[in-house]
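Participant: Before we start, here is the structure in question, set down as structure tokens.
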Amino acid sequence: MEPICQLKDIYKALYNFEREFAEKNGITINEGMLLCCLKDGKPKSANELCDFIGLSNSRVSRVINTVEIKGYITREVGEKDKRQMIFTLTKDGKQKTKEMQEKGMDLSELKEQVIKILG
């Protein structure tokens, strides 16, 4: 199989996995990763969230806004640098991360699909 076709099939498998994750958890994978990044209880800056999630600043900014609107995180001005925003989980955010952990995430089917695609 041509590499471009393999990439298309891997993307399709990932898309389906992300869709199922969103249906199961009521949030997107990126939103879930952001909550996961904050689950240790330590406040984090937007740059730290970008590094953890691996998305561009503009994409993370959209995810932050969405998760904030859903009430899962709070935003505060940095103490040392007033230009910096610091994010922490709310009570609802902690509950959502707990729910996601309890539901678990089975990657075995996705792994099998990728192995099959790559041969």
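FYI, nothing fancy with the structure tokens labels: chains A, B, ... in order, residues from 1 per chain, ligands from 1 as they appear.
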Taking 4 positions as the minimum chain separation for residues in the same chain, which residues sit within 10 Å of Ile10 of chain A when counting only C-alpha atoms? Answer as number ranges by chain.

Facilitator: A: 4-6, 14-16, 110, 113-118

Participant: Skip segment 19-22 of chain A itself and residues of its chain fewer than 2 positions away, then list as a list of chain:residue names all residues within 12 Å of it, counting only C-alpha atoms.

Facilitator: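 Residues meeting the cut-off are A:Lys12, A:Ala13, A:Leu14, A:Tyr15, A:Asn16, A:Phe17, A:Lys24, A:Asn25, A:Gly26, A:Ile27, A:Thr28, A:Ile29, A:Asn30, A:Glu31, A:Gly32, A:Met33, A:Met100, A:Lys103, A:Gly104, A:Met105, A:Asp106, A:Leu107, A:Glu109, A:Leu110.
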
Participant: Of the residues A:Glu102, A:Glu23, A:Glu112, A:Glu48, which is the one nearest to Ile86 of chain A, using only C-alpha atoms?

Facilitator: A:Glu48

Participant: Ranking A:Gly119, A:Pro43, A:Gly71, A:Gly54 by minimum distance to Met85 of chain A and counting only C-alpha atoms, which one comes first?

Facilitator: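 Distance minimum relative to Met85 of chain A lands on A:Pro43.
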
Participant: Within segment 25-119 of chain A, find each residue whose DSSP state, derived from the backbone, is strand (DSSP E), and express the selection as a list in words.

Facilitator: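 Strand (DSSP E) assignments inside segment 25-119 of chain A correspond to Lys44, Ser45, Ile73, Thr74, Arg75, Glu76, Val77, Met85, Ile86, Phe87, Thr88 and Leu89 of chain A.
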
Participant: Can you list, as a VMD selection string, every residue of chain A that DSSP puts in helix (DSSP H, G or I)?

Facilitator: chain A and resid 3 to 25 29 to 38 46 to 53 57 to 69 91 to 103 108 to 118

Participant: Residues of the last selection are to be written out with C-alpha atoms, as a short mmCIF file (atom, residue, chain, number, x, y, z; two decimals), in the first residue's frame.

Facilitator:
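Final output, selection33.cif:
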data_model
loop_
_atom_site.label_atom_id
_atom_site.label_comp_id
_atom_site.auth_asym_id
_atom_site.auth_seq_id
_atom_site.Cartn_x
_atom_site.Cartn_y
_atom_site.Cartn_z
CA PRO A 3 2.36 5.52 2.21
CA ILE A 4 -0.18 8.27 1.48
CA CYS A 5 -2.97 5.69 1.50
CA GLN A 6 -1.66 4.28 4.78
CA LEU A 7 -1.66 7.76 6.29
CA LYS A 8 -5.25 8.30 5.12
CA ASP A 9 -6.33 5.03 6.73
CA ILE A 10 -4.49 5.85 9.99
CA TYR A 11 -6.09 9.30 10.03
CA LYS A 12 -9.50 7.69 9.50
CA ALA A 13 -8.90 5.25 12.40
CA LEU A 14 -7.82 8.14 14.65
CA TYR A 15 -10.82 10.21 13.60
CA ASN A 16 -13.17 7.35 14.49
CA PHE A 17 -11.40 6.85 17.82
CA GLU A 18 -11.70 10.57 18.63
CA ARG A 19 -15.39 10.57 17.68
CA GLU A 20 -16.08 7.58 19.94
CA PHE A 21 -14.10 9.24 22.76
CA ALA A 22 -16.19 12.41 22.43
CA GLU A 23 -19.46 10.45 22.42
CA LYS A 24 -18.39 8.43 25.47
CA ASN A 25 -17.03 11.36 27.51
CA ILE A 29 -9.68 14.35 22.96
CA ASN A 30 -7.92 17.73 23.12
CA GLU A 31 -10.21 18.87 25.94
CA GLY A 32 -9.52 15.60 27.75
CA MET A 33 -5.76 16.04 27.35
CA LEU A 34 -5.99 19.56 28.75
CA LEU A 35 -7.89 18.30 31.80
CA CYS A 36 -5.39 15.45 32.17
CA CYS A 37 -2.55 17.98 32.16
CA LEU A 38 -4.15 19.78 35.10
CA ALA A 46 -0.92 28.37 28.61
CA ASN A 47 2.63 27.58 27.41
CA GLU A 48 2.80 24.56 29.69
CA LEU A 49 -0.55 23.37 28.36
CA CYS A 50 0.67 23.81 24.76
CA ASP A 51 3.79 21.77 25.50
CA PHE A 52 1.77 18.99 27.15
CA ILE A 53 -0.92 18.75 24.51
CA ASN A 57 -0.95 28.29 20.75
CA SER A 58 -4.04 29.23 18.76
CA ARG A 59 -5.48 25.69 18.91
CA VAL A 60 -4.79 25.39 22.64
CA SER A 61 -6.37 28.81 23.14
CA ARG A 62 -9.58 27.54 21.54
CA VAL A 63 -9.52 24.38 23.66
CA ILE A 64 -8.91 26.46 26.81
CA ASN A 65 -11.86 28.72 25.98
CA THR A 66 -14.16 25.76 25.34
CA VAL A 67 -13.18 23.96 28.55
CA GLU A 68 -13.49 27.20 30.50
CA ILE A 69 -17.01 27.80 29.13
CA LYS A 91 -14.57 21.04 41.11
CA ASP A 92 -16.46 20.05 37.94
CA GLY A 93 -13.17 19.63 36.09
CA LYS A 94 -11.85 17.30 38.79
CA GLN A 95 -15.09 15.31 38.57
CA LYS A 96 -14.82 15.07 34.77
CA THR A 97 -11.24 13.76 34.97
CA LYS A 98 -12.36 11.22 37.57
CA GLU A 99 -15.22 10.09 35.30
CA MET A 100 -12.84 9.72 32.33
CA GLN A 101 -10.43 7.65 34.42
CA GLU A 102 -13.25 5.40 35.64
CA LYS A 103 -14.47 4.82 32.07
CA SER A 108 -6.26 -2.07 21.72
CA GLU A 109 -8.67 -1.74 18.77
CA LEU A 110 -6.93 1.39 17.51
CA LYS A 111 -3.56 -0.34 17.87
CA GLU A 112 -4.81 -3.36 15.92
CA GLN A 113 -6.13 -1.12 13.14
CA VAL A 114 -2.82 0.74 12.83
CA ILE A 115 -0.84 -2.51 12.82
CA LYS A 116 -3.12 -3.91 10.12
CA ILE A 117 -2.72 -0.74 8.03
CA LEU A 118 1.06 -0.74 8.34
#

Participant: If you measure from atom CA of Glu76 of chain A to atom CA of Asp40 of chain A, what distance in Å do you get, rounded to one decimal?

Facilitator: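 Going from atom CA of Glu76 of chain A over to atom CA of Asp40 of chain A, I get 17.5 Å.
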
Participant: Mind pulling up the distance from atom CA of Asp81 of chain A to atom CA of Lys39 of chain A?

Facilitator: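 Interatomic distance here is 23.5 Å.
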